[in-house]
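Below is data.txt, which holds compact mmCIF, C-alpha atoms (C1' of nucleotides).
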```txt
# COMPACT_ATOMS: atom_id res chain seq x y z
CA MET A 152 2.42 -8.49 3.39
CA HIS A 153 4.47 -11.00 1.49
CA GLY A 154 3.79 -14.59 2.26
CA GLU A 155 0.93 -14.20 4.70
CA LEU A 156 -1.88 -15.44 2.54
CA MET A 157 -2.19 -18.82 0.97
CA PRO A 158 -3.29 -19.06 -2.65
CA GLY A 159 -6.95 -19.63 -3.30
CA GLU A 160 -8.35 -17.74 -0.32
CA HIS A 161 -11.28 -15.52 -1.08
CA LEU A 162 -11.97 -12.18 0.54
CA THR A 163 -14.87 -9.76 0.73
CA LEU A 164 -14.87 -5.98 0.68
CA ARG A 165 -17.09 -5.73 3.73
CA GLY A 166 -14.98 -8.22 5.62
CA LEU A 167 -11.77 -6.35 4.89
CA ALA A 168 -13.46 -3.04 5.66
CA GLU A 169 -14.47 -4.24 9.11
CA GLU A 170 -11.11 -5.89 9.69
CA TYR A 171 -9.25 -2.65 9.09
CA GLY A 172 -11.90 -0.41 10.61
CA LEU A 173 -12.48 1.40 7.34
CA SER A 174 -15.34 1.89 4.99
CA MET A 175 -15.79 -0.05 1.80
CA THR A 176 -14.58 2.73 -0.44
CA PRO A 177 -10.89 2.81 0.53
CA VAL A 178 -10.82 -0.95 0.77
CA ARG A 179 -12.20 -1.18 -2.73
CA GLU A 180 -9.50 1.09 -4.03
CA ALA A 181 -6.80 -0.91 -2.30
CA VAL A 182 -8.19 -4.17 -3.63
CA ARG A 183 -8.43 -2.82 -7.15
CA ARG A 184 -4.90 -1.54 -6.93
CA LEU A 185 -3.59 -4.83 -5.65
CA SER A 186 -5.47 -6.67 -8.33
CA THR A 187 -3.92 -4.56 -11.08
CA GLU A 188 -0.55 -5.37 -9.58
CA GLY A 189 -1.42 -9.04 -9.62
CA ALA A 190 -1.35 -9.53 -5.86
CA LEU A 191 -5.06 -10.23 -5.89
CA ALA A 192 -7.35 -11.43 -8.63
CA LEU A 193 -10.94 -10.57 -9.41
CA THR A 194 -13.05 -13.29 -10.93
CA ALA A 195 -15.27 -12.44 -13.88
CA THR A 196 -18.10 -11.87 -11.44
CA GLY A 197 -16.01 -9.66 -9.21
CA ARG A 198 -15.16 -12.03 -6.40
CA ILE A 199 -11.83 -11.31 -4.75
CA THR A 200 -9.34 -14.15 -4.47
CA THR A 201 -5.63 -14.61 -4.05
CA PRO A 202 -4.55 -15.74 -7.50
CA GLU A 203 -3.60 -19.35 -8.04
CA LEU A 204 -0.54 -19.22 -10.28
CA ASP A 205 0.07 -21.99 -12.77
CA ALA A 206 3.55 -23.18 -13.65
CA ALA A 207 3.67 -21.14 -16.86
CA ARG A 208 2.92 -17.94 -15.02
CA ILE A 209 5.52 -18.66 -12.38
CA GLU A 210 8.11 -19.33 -15.05
CA GLU A 211 7.31 -16.03 -16.71
CA LEU A 212 7.66 -14.12 -13.50
CA ALA A 213 10.93 -15.84 -12.75
CA VAL A 214 12.24 -14.91 -16.18
CA LEU A 215 11.21 -11.32 -15.58
CA ARG A 216 13.24 -11.41 -12.38
CA SER A 217 16.20 -12.91 -14.19
CA LEU A 218 16.00 -10.22 -16.87
CA ILE A 219 15.59 -7.19 -14.66
CA GLU A 220 17.35 -7.94 -11.39
CA PRO A 221 20.84 -8.47 -12.83
CA GLU A 222 20.48 -5.09 -14.54
CA LEU A 223 19.48 -3.48 -11.26
CA ALA A 224 22.37 -5.13 -9.47
CA ALA A 225 24.82 -4.00 -12.14
CA ARG A 226 23.59 -0.44 -11.81
CA ALA A 227 23.94 -0.58 -8.06
CA LEU A 228 27.44 -2.01 -8.21
CA PRO A 229 29.39 1.23 -8.77
CA ARG A 230 27.49 2.85 -5.92
CA ALA A 231 27.80 -0.02 -3.47
CA HIS A 232 30.05 1.04 -0.65
CA PHE A 233 30.96 -0.77 2.53
CA ALA A 234 27.97 0.35 4.54
CA LEU A 235 25.66 -1.29 2.01
CA ILE A 236 27.58 -4.55 2.03
CA ASP A 237 27.51 -4.56 5.82
CA ARG A 238 23.80 -3.99 5.77
CA MET A 239 23.28 -6.80 3.28
CA ASN A 240 25.37 -9.06 5.48
CA ALA A 241 23.18 -8.19 8.43
CA ILE A 242 20.04 -8.92 6.46
CA ASN A 243 21.57 -12.21 5.41
CA SER A 244 21.95 -13.08 9.09
CA SER A 245 18.30 -12.28 9.63
CA ILE A 246 17.48 -14.63 6.79
CA ALA A 247 19.49 -17.36 8.51
CA GLU A 248 17.65 -16.67 11.77
CA ALA A 249 14.26 -16.93 10.11
CA ALA A 250 15.41 -20.07 8.34
CA VAL A 251 16.33 -21.97 11.48
CA LYS A 252 13.12 -20.85 13.16
CA GLY A 253 11.18 -22.03 10.14
CA ASP A 254 9.48 -18.64 9.90
CA ALA A 255 8.46 -18.57 6.24
CA CYS A 256 7.04 -15.09 6.37
CA ARG A 257 10.15 -13.48 7.84
CA TYR A 258 12.40 -15.56 5.62
CA ILE A 259 10.67 -14.29 2.50
CA ARG A 260 10.51 -10.74 3.77
CA HIS A 261 14.19 -10.59 4.67
CA ASN A 262 15.11 -12.24 1.41
CA LEU A 263 13.37 -9.52 -0.55
CA GLU A 264 14.84 -6.90 1.75
CA PHE A 265 18.27 -8.22 0.85
CA HIS A 266 17.61 -7.67 -2.81
CA ARG A 267 15.86 -4.37 -2.31
CA ALA A 268 18.71 -2.98 -0.26
CA LEU A 269 20.99 -3.54 -3.21
CA TYR A 270 18.61 -2.36 -5.89
CA LEU A 271 17.79 0.84 -4.06
CA ARG A 272 21.35 1.87 -4.80
CA ALA A 273 20.71 1.47 -8.51
CA GLN A 274 18.86 4.80 -8.62
CA ALA A 275 16.32 3.20 -10.92
CA PRO A 276 12.88 3.76 -9.42
CA ALA A 277 10.94 2.59 -12.47
CA MET A 278 12.76 -0.71 -12.64
CA LEU A 279 12.44 -1.13 -8.91
CA ALA A 280 8.71 -0.52 -9.11
CA VAL A 281 8.34 -3.13 -11.81
CA ILE A 282 10.30 -5.73 -9.92
CA GLU A 283 8.32 -5.07 -6.77
CA THR A 284 5.10 -5.86 -8.57
CA VAL A 285 6.70 -9.07 -9.81
CA TRP A 286 7.66 -9.93 -6.24
CA LEU A 287 4.12 -9.20 -5.13
CA GLN A 288 2.77 -11.63 -7.70
CA LEU A 289 5.27 -14.27 -6.67
CA GLY A 290 4.44 -13.84 -2.99
CA PRO A 291 2.19 -16.86 -2.48
CA THR A 292 4.44 -19.01 -4.64
CA MET A 293 7.53 -18.02 -2.70
CA ARG A 294 5.82 -19.15 0.43
CA ARG A 295 5.01 -22.52 -1.05
CA LEU A 296 8.52 -22.77 -2.45
CA TYR A 297 9.91 -22.12 1.00
CA GLU A 298 7.70 -24.64 2.68
CA GLU A 299 8.58 -27.36 0.23
CA GLN A 300 12.29 -26.76 0.57
CA SER A 301 12.36 -25.85 4.28
CA ARG A 302 15.82 -24.35 4.02
CA GLN A 303 17.99 -23.96 7.07
CA VAL A 304 20.44 -21.41 5.67
CA PRO A 305 20.38 -18.36 3.42
CA PRO A 306 20.80 -19.08 -0.29
CA ARG A 307 24.41 -19.61 -1.19
CA ALA A 308 23.97 -17.28 -4.14
CA HIS A 309 23.70 -14.48 -1.61
CA ARG A 310 27.27 -15.06 -0.48
CA VAL A 311 28.39 -15.08 -4.09
CA MET A 312 26.60 -11.81 -4.66
CA LEU A 313 28.33 -10.25 -1.68
CA ALA A 314 31.72 -11.47 -2.88
CA ALA A 315 31.12 -10.05 -6.35
CA LEU A 316 30.05 -6.77 -4.82
CA LYS A 317 33.23 -6.54 -2.77
CA ALA A 318 35.31 -7.42 -5.81
CA GLY A 319 33.45 -4.99 -8.05
CA ASP A 320 33.00 -7.83 -10.53
CA GLU A 321 29.94 -6.98 -12.60
CA PRO A 322 29.67 -10.17 -14.69
CA ALA A 323 29.96 -12.30 -11.57
CA LEU A 324 27.35 -10.20 -9.82
CA ARG A 325 24.92 -10.46 -12.72
CA LEU A 326 25.37 -14.21 -12.78
CA ALA A 327 24.98 -14.60 -9.03
CA VAL A 328 21.77 -12.58 -9.02
CA LYS A 329 20.39 -14.57 -11.91
CA THR A 330 21.30 -17.80 -10.17
CA ASP A 331 19.66 -16.71 -6.93
CA VAL A 332 16.53 -15.62 -8.71
CA THR A 333 16.21 -18.85 -10.64
CA ARG A 334 17.00 -21.00 -7.63
CA GLY A 335 14.51 -23.64 -6.81
CA LEU A 336 12.41 -23.09 -9.85
CA ARG A 337 13.34 -26.33 -11.54
CA HIS A 338 12.03 -28.00 -8.41
CA LEU A 339 8.85 -25.97 -8.30
CA LEU A 340 8.16 -26.12 -12.01
CA GLY A 341 8.69 -29.84 -12.24
CA GLN A 342 10.15 -31.35 -15.36
CA GLU A 343 9.11 -28.78 -17.92
CA GLY A 344 12.53 -27.12 -18.16
CA ALA A 345 12.19 -23.43 -17.46
CA GLY A 346 13.82 -21.66 -20.40
CA MET B 85 -5.37 6.41 -24.77
CA HIS B 86 -1.76 6.51 -25.76
CA GLY B 87 -0.41 9.83 -26.85
CA GLU B 88 -3.49 11.98 -26.31
CA LEU B 89 -2.34 13.92 -23.29
CA MET B 90 0.64 16.19 -23.04
CA PRO B 91 2.88 15.92 -19.98
CA GLY B 92 2.16 18.30 -17.16
CA GLU B 93 -1.59 18.59 -17.63
CA HIS B 94 -3.62 18.39 -14.47
CA LEU B 95 -6.98 16.75 -14.14
CA THR B 96 -9.77 16.69 -11.61
CA LEU B 97 -11.98 13.84 -10.52
CA ARG B 98 -15.16 15.82 -11.01
CA GLY B 99 -14.05 16.97 -14.42
CA LEU B 100 -13.31 13.44 -15.58
CA ALA B 101 -16.53 12.19 -14.01
CA GLU B 102 -18.60 14.67 -15.99
CA GLU B 103 -16.59 14.10 -19.14
CA TYR B 104 -17.30 10.38 -19.07
CA GLY B 105 -20.78 10.67 -17.67
CA LEU B 106 -19.91 8.74 -14.54
CA SER B 107 -19.81 9.38 -10.87
CA MET B 108 -16.68 10.21 -8.95
CA THR B 109 -16.28 6.74 -7.49
CA PRO B 110 -15.39 4.78 -10.63
CA VAL B 111 -13.31 7.65 -11.90
CA ARG B 112 -11.37 7.66 -8.66
CA GLU B 113 -10.68 3.98 -8.99
CA ALA B 114 -9.54 4.37 -12.57
CA VAL B 115 -7.28 7.27 -11.65
CA ARG B 116 -5.77 5.39 -8.74
CA ARG B 117 -5.19 2.43 -10.94
CA LEU B 118 -3.58 4.49 -13.66
CA SER B 119 -1.42 6.21 -11.09
CA THR B 120 -0.12 2.91 -9.74
CA GLU B 121 0.70 1.97 -13.31
CA GLY B 122 2.56 5.24 -13.72
CA ALA B 123 0.28 6.65 -16.41
CA LEU B 124 -0.82 9.37 -14.03
CA ALA B 125 0.83 10.84 -10.98
CA LEU B 126 -0.64 12.07 -7.73
CA THR B 127 1.12 14.93 -6.03
CA ALA B 128 1.68 14.75 -2.28
CA THR B 129 -1.54 16.68 -1.80
CA GLY B 130 -3.49 14.44 -4.13
CA ARG B 131 -3.64 16.53 -7.28
CA ILE B 132 -3.79 14.49 -10.46
CA THR B 133 -1.27 15.25 -13.17
CA THR B 134 0.25 13.53 -16.14
CA PRO B 135 3.76 12.75 -14.96
CA GLU B 136 6.64 14.78 -16.30
CA LEU B 137 9.35 12.22 -17.00
CA ASP B 138 12.98 13.22 -16.66
CA ALA B 139 15.69 11.80 -18.89
CA ALA B 140 16.79 9.24 -16.30
CA ARG B 141 13.30 7.81 -16.01
CA ILE B 142 12.90 7.62 -19.76
CA GLU B 143 16.19 5.81 -20.06
CA GLU B 144 15.09 3.31 -17.43
CA LEU B 145 11.84 2.61 -19.19
CA ALA B 146 13.62 2.22 -22.51
CA VAL B 147 16.01 -0.29 -20.95
CA LEU B 148 13.07 -2.20 -19.54
CA ARG B 149 11.65 -2.37 -23.05
CA SER B 150 15.00 -3.52 -24.42
CA LEU B 151 15.22 -6.24 -21.77
CA ILE B 152 11.71 -7.61 -22.00
CA GLU B 153 10.55 -7.11 -25.57
CA PRO B 154 13.26 -9.18 -27.25
CA GLU B 155 12.33 -12.02 -24.90
CA LEU B 156 8.66 -11.67 -25.83
CA ALA B 157 9.53 -11.59 -29.51
CA ALA B 158 11.71 -14.67 -29.19
CA ARG B 159 8.90 -16.53 -27.46
CA ALA B 160 6.46 -15.52 -30.17
CA LEU B 161 8.80 -16.53 -32.97
CA PRO B 162 8.07 -20.28 -33.02
CA ARG B 163 4.35 -19.54 -33.02
CA ALA B 164 4.42 -16.83 -35.68
CA HIS B 165 2.69 -18.12 -38.76
CA PHE B 166 1.86 -16.34 -41.99
CA ALA B 167 -1.39 -14.81 -40.82
CA LEU B 168 0.44 -12.99 -38.07
CA ILE B 169 3.10 -11.66 -40.40
CA ASP B 170 0.41 -10.49 -42.79
CA ARG B 171 -1.35 -8.75 -39.97
CA MET B 172 1.84 -7.06 -38.85
CA ASN B 173 2.44 -5.94 -42.41
CA ALA B 174 -1.01 -4.43 -42.49
CA ILE B 175 -0.42 -2.63 -39.23
CA ASN B 176 2.84 -1.35 -40.60
CA SER B 177 0.91 0.17 -43.50
CA SER B 178 -1.38 1.88 -41.04
CA ILE B 179 1.69 3.28 -39.35
CA ALA B 180 2.88 4.67 -42.66
CA GLU B 181 -0.55 6.20 -43.25
CA ALA B 182 -0.57 7.91 -39.88
CA ALA B 183 2.98 9.06 -40.49
CA VAL B 184 2.25 10.89 -43.74
CA LYS B 185 -0.87 12.42 -42.20
CA GLY B 186 1.20 13.56 -39.24
CA ASP B 187 -1.29 11.93 -36.87
CA ALA B 188 0.86 11.39 -33.79
CA CYS B 189 -1.86 9.63 -31.85
CA ARG B 190 -2.61 7.04 -34.51
CA TYR B 191 1.08 6.62 -35.29
CA ILE B 192 1.85 5.74 -31.70
CA ARG B 193 -1.19 3.55 -31.33
CA HIS B 194 -0.47 1.53 -34.45
CA ASN B 195 3.15 1.27 -33.50
CA LEU B 196 2.25 -0.35 -30.20
CA GLU B 197 -0.33 -2.50 -31.93
CA PHE B 198 2.43 -3.78 -34.19
CA HIS B 199 4.43 -4.89 -31.19
CA ARG B 200 1.45 -6.20 -29.29
CA ALA B 201 0.29 -8.32 -32.22
CA LEU B 202 3.62 -10.11 -32.09
CA TYR B 203 3.88 -10.39 -28.33
CA LEU B 204 0.38 -11.79 -27.98
CA ARG B 205 1.72 -14.86 -29.71
CA ALA B 206 4.31 -15.30 -26.98
CA GLN B 207 1.69 -16.75 -24.62
CA ALA B 208 3.25 -14.75 -21.83
CA PRO B 209 0.50 -12.69 -20.19
CA ALA B 210 2.57 -11.59 -17.21
CA MET B 211 5.35 -10.23 -19.37
CA LEU B 212 2.84 -8.61 -21.67
CA ALA B 213 1.15 -6.94 -18.73
CA VAL B 214 4.46 -5.55 -17.50
CA ILE B 215 5.42 -4.21 -20.88
CA GLU B 216 2.03 -2.59 -21.31
CA THR B 217 2.50 -0.63 -18.13
CA VAL B 218 5.88 0.47 -19.40
CA TRP B 219 4.25 1.63 -22.63
CA LEU B 220 1.65 3.47 -20.63
CA GLN B 221 4.33 5.33 -18.75
CA LEU B 222 6.15 6.17 -21.95
CA GLY B 223 2.98 7.42 -23.62
CA PRO B 224 3.50 11.15 -23.24
CA THR B 225 7.18 10.81 -24.06
CA MET B 226 6.47 8.83 -27.20
CA ARG B 227 4.26 11.62 -28.37
CA ARG B 228 6.95 14.20 -27.81
CA LEU B 229 9.47 11.92 -29.46
CA TYR B 230 7.22 11.62 -32.48
CA GLU B 231 6.64 15.33 -32.75
CA GLU B 232 10.33 16.12 -32.61
CA GLN B 233 11.18 13.58 -35.26
CA SER B 234 8.08 13.99 -37.44
CA ARG B 235 8.72 10.75 -39.27
CA GLN B 236 7.20 10.09 -42.66
CA VAL B 237 7.65 6.31 -42.72
CA PRO B 238 7.42 3.39 -40.32
CA PRO B 239 10.61 2.55 -38.43
CA ARG B 240 12.99 0.58 -40.60
CA ALA B 241 13.54 -1.81 -37.68
CA HIS B 242 10.00 -2.99 -38.27
CA ARG B 243 10.95 -4.31 -41.69
CA VAL B 244 13.97 -6.04 -40.18
CA MET B 245 11.72 -7.61 -37.57
CA LEU B 246 9.39 -8.93 -40.25
CA ALA B 247 12.29 -10.34 -42.23
CA ALA B 248 13.68 -12.08 -39.16
CA LEU B 249 10.23 -13.48 -38.41
CA LYS B 250 9.91 -14.91 -41.90
CA ALA B 251 13.41 -16.36 -41.68
CA GLY B 252 12.82 -17.77 -38.21
CA ASP B 253 16.05 -16.12 -37.13
CA GLU B 254 15.81 -15.56 -33.39
CA PRO B 255 19.03 -13.62 -32.79
CA ALA B 256 18.22 -11.26 -35.65
CA LEU B 257 14.70 -10.80 -34.30
CA ARG B 258 15.95 -10.03 -30.80
CA LEU B 259 18.39 -7.49 -32.19
CA ALA B 260 15.79 -5.85 -34.44
CA VAL B 261 13.34 -5.49 -31.58
CA LYS B 262 16.01 -4.05 -29.33
CA THR B 263 17.03 -1.63 -32.06
CA ASP B 264 13.47 -0.53 -32.66
CA VAL B 265 12.84 -0.04 -28.98
CA THR B 266 15.97 2.01 -28.47
CA ARG B 267 15.43 4.05 -31.62
CA GLY B 268 15.47 7.75 -31.16
CA LEU B 269 16.46 7.65 -27.56
CA ARG B 270 19.90 9.09 -28.10
CA HIS B 271 18.15 12.03 -29.66
CA LEU B 272 15.63 12.39 -26.87
CA LEU B 273 18.06 11.76 -24.07
CA GLY B 274 20.61 14.19 -25.40
CA GLN B 275 24.30 13.45 -24.97
CA GLU B 276 24.17 11.32 -21.85
CA GLY B 277 24.69 8.00 -23.64
CA ALA B 278 21.85 5.66 -22.75
CA GLY B 279 23.50 2.44 -21.54
C1' DA C 60 -32.60 -40.39 -1.82
C1' DT C 61 -31.18 -37.28 -5.26
C1' DG C 62 -31.28 -33.82 -8.71
C1' DG C 63 -33.26 -29.59 -10.32
C1' DC C 64 -35.50 -25.21 -9.29
C1' DG C 65 -36.37 -21.07 -6.92
C1' DC C 66 -35.74 -17.95 -3.21
C1' DC C 67 -32.84 -15.32 -0.02
C1' DA C 68 -28.61 -13.65 1.77
C1' DT C 69 -24.26 -12.02 0.30
C1' DT C 70 -21.41 -9.09 -2.31
C1' DG C 71 -19.59 -5.88 -5.72
C1' DT C 72 -20.89 -1.45 -8.28
C1' DG C 73 -22.15 3.14 -8.74
C1' DA C 74 -24.15 7.44 -6.80
C1' DT C 75 -24.54 10.98 -3.51
C1' DC C 76 -23.21 13.36 0.54
C1' DA C 77 -20.50 15.46 4.33
C1' DC C 78 -15.91 16.93 5.44
C1' DA C 79 -11.22 18.51 5.50
C1' DA C 80 -7.29 20.11 3.34
C1' DG C 81 -5.20 22.93 -0.17
C1' DT C 82 -5.04 26.57 -3.62
C1' DG C 83 -5.62 30.73 -5.57
C1' DC C 84 -7.43 35.17 -5.29
C1' DC C 85 -8.71 39.42 -3.39
C1' DG C 86 -8.23 43.03 -0.42
C1' DC C 87 -5.75 45.35 3.12
C1' DC C 88 -1.83 47.35 5.17
C1' DG C 89 2.86 48.93 5.17
C1' DC D 174 2.83 49.83 -5.39
C1' DG D 175 4.16 45.38 -3.40
C1' DG D 176 3.86 41.78 0.06
C1' DC D 177 1.05 39.28 3.21
C1' DG D 178 -3.03 37.43 5.40
C1' DG D 179 -7.50 35.67 5.23
C1' DC D 180 -11.44 33.80 2.86
C1' DA D 181 -14.02 31.33 -0.56
C1' DC D 182 -13.86 27.88 -3.86
C1' DT D 183 -11.97 23.89 -5.62
C1' DT D 184 -10.81 19.20 -4.95
C1' DG D 185 -9.67 14.71 -2.95
C1' DT D 186 -11.20 11.40 0.87
C1' DG D 187 -14.22 8.58 3.32
C1' DA D 188 -18.95 7.11 4.51
C1' DT D 189 -23.47 5.64 3.53
C1' DC D 190 -27.09 4.12 0.54
C1' DA D 191 -29.72 1.90 -3.26
C1' DC D 192 -29.38 -1.68 -6.68
C1' DA D 193 -28.31 -5.64 -9.48
C1' DA D 194 -26.22 -9.85 -9.98
C1' DT D 195 -24.34 -13.95 -8.13
C1' DG D 196 -23.84 -17.85 -5.26
C1' DG D 197 -25.59 -20.83 -1.82
C1' DC D 198 -29.17 -23.21 0.45
C1' DG D 199 -33.35 -25.54 1.09
C1' DC D 200 -37.49 -27.45 -0.78
C1' DC D 201 -40.05 -30.13 -3.81
C1' DA D 202 -40.81 -33.53 -7.34
C1' DT D 203 -39.57 -37.71 -9.24
```
Translate the structure of the given file into structure tokens.
Amino acid sequence: MHGELMPGEHLTLRGLAEEYGLSMTPVREAVRRLSTEGALALTATGRITTPELDAARIEELAVLRSLIEPELAARALPRAHFALIDRMNAINSSIAEAAVKGDACRYIRHNLEFHRALYLRAQAPAMLAVIETVWLQLGPTMRRLYEEQSRQVPPRAHRVMLAALKAGDEPALRLAVKTDVTRGLRHLLGQEGAG
Amino acid sequence: MHGELMPGEHLTLRGLAEEYGLSMTPVREAVRRLSTEGALALTATGRITTPELDAARIEELAVLRSLIEPELAARALPRAHFALIDRMNAINSSIAEAAVKGDACRYIRHNLEFHRALYLRAQAPAMLAVIETVWLQLGPTMRRLYEEQSRQVPPRAHRVMLAALKAGDEPALRLAVKTDVTRGLRHLLGQEGAG
DNA sequence: ATGGCGCCATTGTGATCACAAGTGCCGCCG
DNA sequence: CGGCGGCACTTGTGATCACAATGGCGCCAT
């Protein structure tokens, strides 16, 4: 899952097959699928590795998030009732828990769950599918981002998102989502000024 | 390729294997891959069909295009030199040719080639990959859209795009791309007012 | 000692096979 | 004559096998 593999590792079909107690065939299909989604990469010779993303690629993916996620949030807004906000609050607490424990994997997972909980309400499966593949590609990077920042609290943009949701304020929500999604990228991307 | 299959058709692994002179294994992988990209759909029991898109899904995909493609165009703009514009003009002629011949398949293909030629200049492979999967999913719909409109000329938005490119006018380019991408959707989506 | 060459193990690809689940059809019974 | 049950065929899944290419390792020559 998200954040469990470090970039640059290299895997083998037979190894994965044994690890999961399967034959090569299903493993191959899974690997090919993941590689089309960008979660894995196949070298020209067919070796399987976790892709090493360069800064340009990361910036692109972040821009994709900043383009699509505010739209998803805006579409979810009219359908967001109290139960959803409660649930997002709960997830936010889980994020805080993972943060103080320094559990990168859970932190990342809960973070995405926070966003997904909202976007599920958008009734936009195609957009959700696209953004999930973007998340998948960002997985290793998010882990590194987390480790370099070693946060102790949930992102403050999350609280802003929740406030905008309660207020039914679409522009504020769009902005908060975009802020959250872009958070930390200046740090990770260095000086190159990410669009 | 794009626009060759009508929605609702159903395919078999063995049929495709024979058709392409391959074994089932590579065909299976290709089908699985295409299904994760949304170009094909697997029923719960595993049957392979070309997905029947409802209006909501089409609207989502169109919005994805309208979010991402202007960004790609804007990124390509500073790098668009005369050779590119010439090439796009040539492709536009091919579109016109296919239009008068009523060749839906070539029309669609050249249309996408027109966009791709521009976006390739954006140096944004991740975004390009995402938009290509969106195109793939829209394939069958684009064909139906073409057949219902039976155009005789290339979209006028294409000319506006070329003009904006020559002028180096980013806002105009973004708008032209968005217009082109949204073209015809009101017609296809009926009265529901596509965002 | 080190760099280049060649061999061997590793690894992905494609093919074929056995199996299980599903579908559609045909016949039987009401 | 129509509805229902069972059977055969179709079809996807998973496993195993043969092969080709690649990468790594050791050996030899300089």
Checklist outcome for this item: Counting all atoms listed in the file, the residue among A:Glu248, A:Glu170, A:Glu283, A:Glu264 that lies closest to chain B is A:Glu283
Item to check | Contact residues around Arg272 of chain A with all atoms listed in the file at 7 Å, ignoring same-chain residues under 2 positions, as a list of chain:residue names | outcome: A:Ala227, A:Arg230, A:Ala231, A:Leu269, A:Tyr270, A:Gln274
Item to check | Distance filter 8 Å, all atoms listed in the file, chain C against chain B, as an NGL selection string | outcome: :C and (73-74 or 81)
Checklist entry - Got a sec: who's within 12 Å of DG185 of chain D, counting all atoms listed in the file, leaving out chain neighbours fewer than 2 positions off, as number ranges by chain? => result B: 95-98, 108-109, 111-112, 115-116, 126-132; C: 78-81; D: 183, 187
Checklist entry - Do you know which residues lie at most 10 Å from (-41.7, -20.2, 1.8), with coordinates as in the file and all atoms listed in the file counted, and could you write them as a PyMOL selection string? => result (chain C and resi 66) or (chain D and resi 199-200)
Checklist entry - Which protein, DNA or RNA residues have an atom at most 12 Å from (13.0, -8.6, -0.2), counting all atoms listed in the file? List them as a PyMOL selection string. => result chain A and resi 152-154+239+242-243+245-246+256-271+279+282-287+289-290+293+332
